[in-house]
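Visitor: What follows is a structure written as structure tokens; I'll ask about it next.
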Amino acid sequence: MGEPRIFASFVQGSLDCLASLDAGVAERARARIKPETLAAVQEAGAFGWLPVAHDVEITECLFAAAGHERACRALRANLLAAFEQPVLRSLVQGGLAILGRSPSRLLGWAPRVWALLYRDCGSMRCEINDASARLVLEDLPPEITASRNYLVGSAAAIGGLFDLLRIEGSSELERLEGARAEFLLRW
């Protein structure tokens with residue numbers, strides 16, 4: 001397995017989500033990010049790849065500066081904005097056109113979205129019921145599993161799906177064991 005990587009435009013979106021916070025919080029979060037991480041993210045091409053450790057670092061800095069609640073809100077909004085990025089927009093629009101606004105039908109595509117955003121970061125599978133689903137990430141790299149904030153932030157971001165669908169719903173990190181994380185979604 002190679003170095004765990006994430007799609008550069010998604011990390012750039014994570015950095016951009018700082019702008020959605022008040023100036024003082026954004027400034028404190030940016031000040032915590034290593035200069036070499038900021039440079040790598042800013043210099044990466046939108047369609048390139050970055051070490052997933054960069055996204056983990058940015059998320060940790062966001063949580064440290066903004067606190068749990070505001071960080072989760074910003075990350076949820078960030079995923080919604082990511083759905084507008086060129087790489088995901090056509091997939092999302094196609095999914096909505098074909099499958100409608102049903103969470104249980106759209107979540108079947110979640111493993112494809114994971115595979116578009118991450119490389120060498122394990123795999124995702126879905127267990128879908130009528131009004132809930134479990135997203136299971138397996139073989140996660142240590143960069144991800146060492147950061148509970150990253151996984152809690154991921155759960156918050158996954159909740160952006162409900163905003164996209166304009167329905168009430170929740171997403172939470174239910175379990176973390178070794179290299180496996182489980183998220184429970186309800187609507």
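Residue names in the structure tokens use chain letters A, B, ... in the order shown, residue numbers from 1 in each chain, and ligand numbers from 1 in the order shown.
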To test your reading of the structure, identify every residue in chain A that backbone DSSP assigns to strand (DSSP E), and report it as a VMD selection string.

Guide: chain A and resid 5 to 7 49 to 51 118 to 119 123 to 128 132 to 138 170 to 177 180 to 186

Visitor: Might you pull out every residue within 10 Å of Glu168 of chain A, with only C-alpha atoms counted and same-chain residues fewer than 2 positions away left off, and present them as a PyMOL selection string?

Guide: chain A and resi 159+161-163+165-166+170+186-187

Visitor: Quick one: everything within 10 Å of Ala110 of chain A, counting only C-alpha atoms, minus sequence neighbours fewer than 6 positions away in the same chain. Send it as a PyMOL selection string.

Guide: chain A and resi 116+124-126+135+158

Visitor: When you count only C-alpha atoms, which of these residues is closest to Pro103 of chain A: A:Asp120, A:Glu36, A:Asp130, A:Glu84?

Guide: A:Asp130

Visitor: Mind listing the alpha helix (DSSP H) residues of chain A, per DSSP on the backbone, as number ranges by chain?

Guide: A: 8-16, 23-32, 35-43, 52-66, 68-82, 86-99, 103-106, 110-117, 142-145, 148-158, 160-165

Visitor: Can you tell me which residues surround Val56 of chain A at a distance of at most 8 Å, considering only C-alpha atoms, apart from same-chain residues fewer than 2 positions away, and format the answer as a ChimeraX atom specification?

Guide: /A:52-54,58-60,143-144,147,150

Visitor: Restrict the selected residues to N, CA and C atoms and save them as a PDB file, in the first residue's frame.

Guide:
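Saved as selection28.pdb:
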ATOM      1  N   VAL A  52      -2.945  12.389   3.186  1.00  0.00           N
ATOM      2  CA  VAL A  52      -4.125  12.541   4.030  1.00  0.00           C
ATOM      3  C   VAL A  52      -3.750  13.191   5.360  1.00  0.00           C
ATOM      4  N   ALA A  53      -2.494  13.052   5.754  1.00  0.00           N
ATOM      5  CA  ALA A  53      -2.027  13.687   6.996  1.00  0.00           C
ATOM      6  C   ALA A  53      -2.247  15.199   6.959  1.00  0.00           C
ATOM      7  N   HIS A  54      -2.192  15.815   5.782  1.00  0.00           N
ATOM      8  CA  HIS A  54      -2.440  17.260   5.679  1.00  0.00           C
ATOM      9  C   HIS A  54      -3.888  17.585   6.059  1.00  0.00           C
ATOM     10  N   ILE A  58      -5.179  19.845   9.283  1.00  0.00           N
ATOM     11  CA  ILE A  58      -6.075  20.996   9.135  1.00  0.00           C
ATOM     12  C   ILE A  58      -7.323  20.810  10.004  1.00  0.00           C
ATOM     13  N   THR A  59      -7.858  19.596  10.017  1.00  0.00           N
ATOM     14  CA  THR A  59      -9.043  19.310  10.832  1.00  0.00           C
ATOM     15  C   THR A  59      -8.736  19.468  12.313  1.00  0.00           C
ATOM     16  N   GLU A  60      -7.597  18.951  12.758  1.00  0.00           N
ATOM     17  CA  GLU A  60      -7.215  19.100  14.169  1.00  0.00           C
ATOM     18  C   GLU A  60      -7.074  20.581  14.539  1.00  0.00           C
ATOM     19  N   GLU A 143      -2.889   7.523  10.226  1.00  0.00           N
ATOM     20  CA  GLU A 143      -3.062   8.979  10.207  1.00  0.00           C
ATOM     21  C   GLU A 143      -4.511   9.345  10.517  1.00  0.00           C
ATOM     22  N   ILE A 144      -5.443   8.531  10.049  1.00  0.00           N
ATOM     23  CA  ILE A 144      -6.861   8.803  10.267  1.00  0.00           C
ATOM     24  C   ILE A 144      -7.314   8.277  11.626  1.00  0.00           C
ATOM     25  N   SER A 147      -6.730  10.194  14.924  1.00  0.00           N
ATOM     26  CA  SER A 147      -7.395  11.481  15.128  1.00  0.00           C
ATOM     27  C   SER A 147      -8.902  11.295  15.287  1.00  0.00           C
ATOM     28  N   TYR A 150     -10.774  13.952  13.510  1.00  0.00           N
ATOM     29  CA  TYR A 150     -10.939  13.762  12.062  1.00  0.00           C
ATOM     30  C   TYR A 150     -12.156  12.886  11.787  1.00  0.00           C
TER      31      TYR A 150
END

Visitor: From the options A:Gly95, A:Gly153, A:Pro35, A:Pro51, which residue's atoms come nearest to Glu3 of chain A, counting only C-alpha atoms?

Guide: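 Using only C-alpha atoms, Glu3 of chain A sits closest to A:Pro51.
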
Visitor: My list of candidates is A:Ala77, A:Leu99, A:Leu185, A:Ala40. Which is closest to Ser132 of chain A when distances are computed with only C-alpha atoms?

Guide: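 Using only C-alpha atoms, Ser132 of chain A sits closest to A:Leu185.
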
Visitor: Got a sec: who's within 8 Å of Val152 of chain A, counting only C-alpha atoms, leaving out chain neighbours fewer than 6 positions off, as a list in words?

Guide: Cys72, Glu172 and Leu173 of chain A

Visitor: Calculated over only C-alpha atoms, which of the candidates A:Thr145, A:Ser171, A:Thr37, A:Ser20 has the smallest distance to Cys121 of chain A?

Guide: A:Thr145

Visitor: Nearest to Ile167 of chain A: which of A:Ala64, A:Ala146, A:Ala131, A:Leu184 is it, counting only C-alpha atoms?

Guide: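 Under the stated criterion, the closest residue is A:Ala131.
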
Visitor: When you count only C-alpha atoms, which of these residues is closest to Val25 of chain A: A:Arg70, A:Arg134, A:Arg180, A:Arg101?

Guide: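 The shortest atom-to-atom distance to Val25 of chain A comes from A:Arg70.
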
Visitor: Please list as a PyMOL selection string every residue within 8 Å of Trp49 of chain A, counting only C-alpha atoms and excluding residues in the same chain fewer than 2 positions away.

Guide: chain A and resi 5-8+44+47+51

Visitor: Neighbouring residues of Leu75 of chain A were defined as those with any atom within 8 Å, considering only C-alpha atoms; residues of the same chain fewer than 4 positions away were excluded. Please report them as a compact mmCIF listing (two decimals) with N, CA and C atoms, in the first residue's frame.

Guide:
# COMPACT_ATOMS: atom_id res chain seq x y z
N SER A 14 -11.20 21.97 2.71
CA SER A 14 -11.08 21.95 4.18
C SER A 14 -10.42 23.24 4.66
N CYS A 17 -12.80 26.12 4.30
CA CYS A 17 -13.92 26.17 5.26
C CYS A 17 -13.56 27.03 6.46
N ALA A 71 -16.65 23.57 14.62
CA ALA A 71 -15.85 22.79 13.67
C ALA A 71 -16.76 21.81 12.91
N LEU A 79 -18.59 19.77 3.13
CA LEU A 79 -18.94 18.66 2.25
C LEU A 79 -20.01 19.09 1.26
N GLY A 153 -15.28 14.79 12.74
CA GLY A 153 -15.47 15.76 11.67
C GLY A 153 -16.00 15.10 10.40
N SER A 154 -15.52 13.89 10.12
CA SER A 154 -16.03 13.15 8.96
C SER A 154 -17.51 12.83 9.14
N ALA A 156 -19.64 14.56 10.87
CA ALA A 156 -20.34 15.83 10.67
C ALA A 156 -20.44 16.15 9.18
N ALA A 157 -19.34 15.94 8.46
CA ALA A 157 -19.34 16.21 7.02
C ALA A 157 -20.33 15.32 6.28

Visitor: Work out how far apart atom CA of Gln85 of chain A and atom CA of Phe10 of chain A are and give it in Å to one decimal.

Guide: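 Atom-to-atom, atom CA of Gln85 of chain A and atom CA of Phe10 of chain A are spaced 8.7 Å apart.
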
Visitor: One number please: atom CA of Ile33 of chain A to atom CA of Glu57 of chain A, in Å, one decimal.

Guide: 6.9 Å
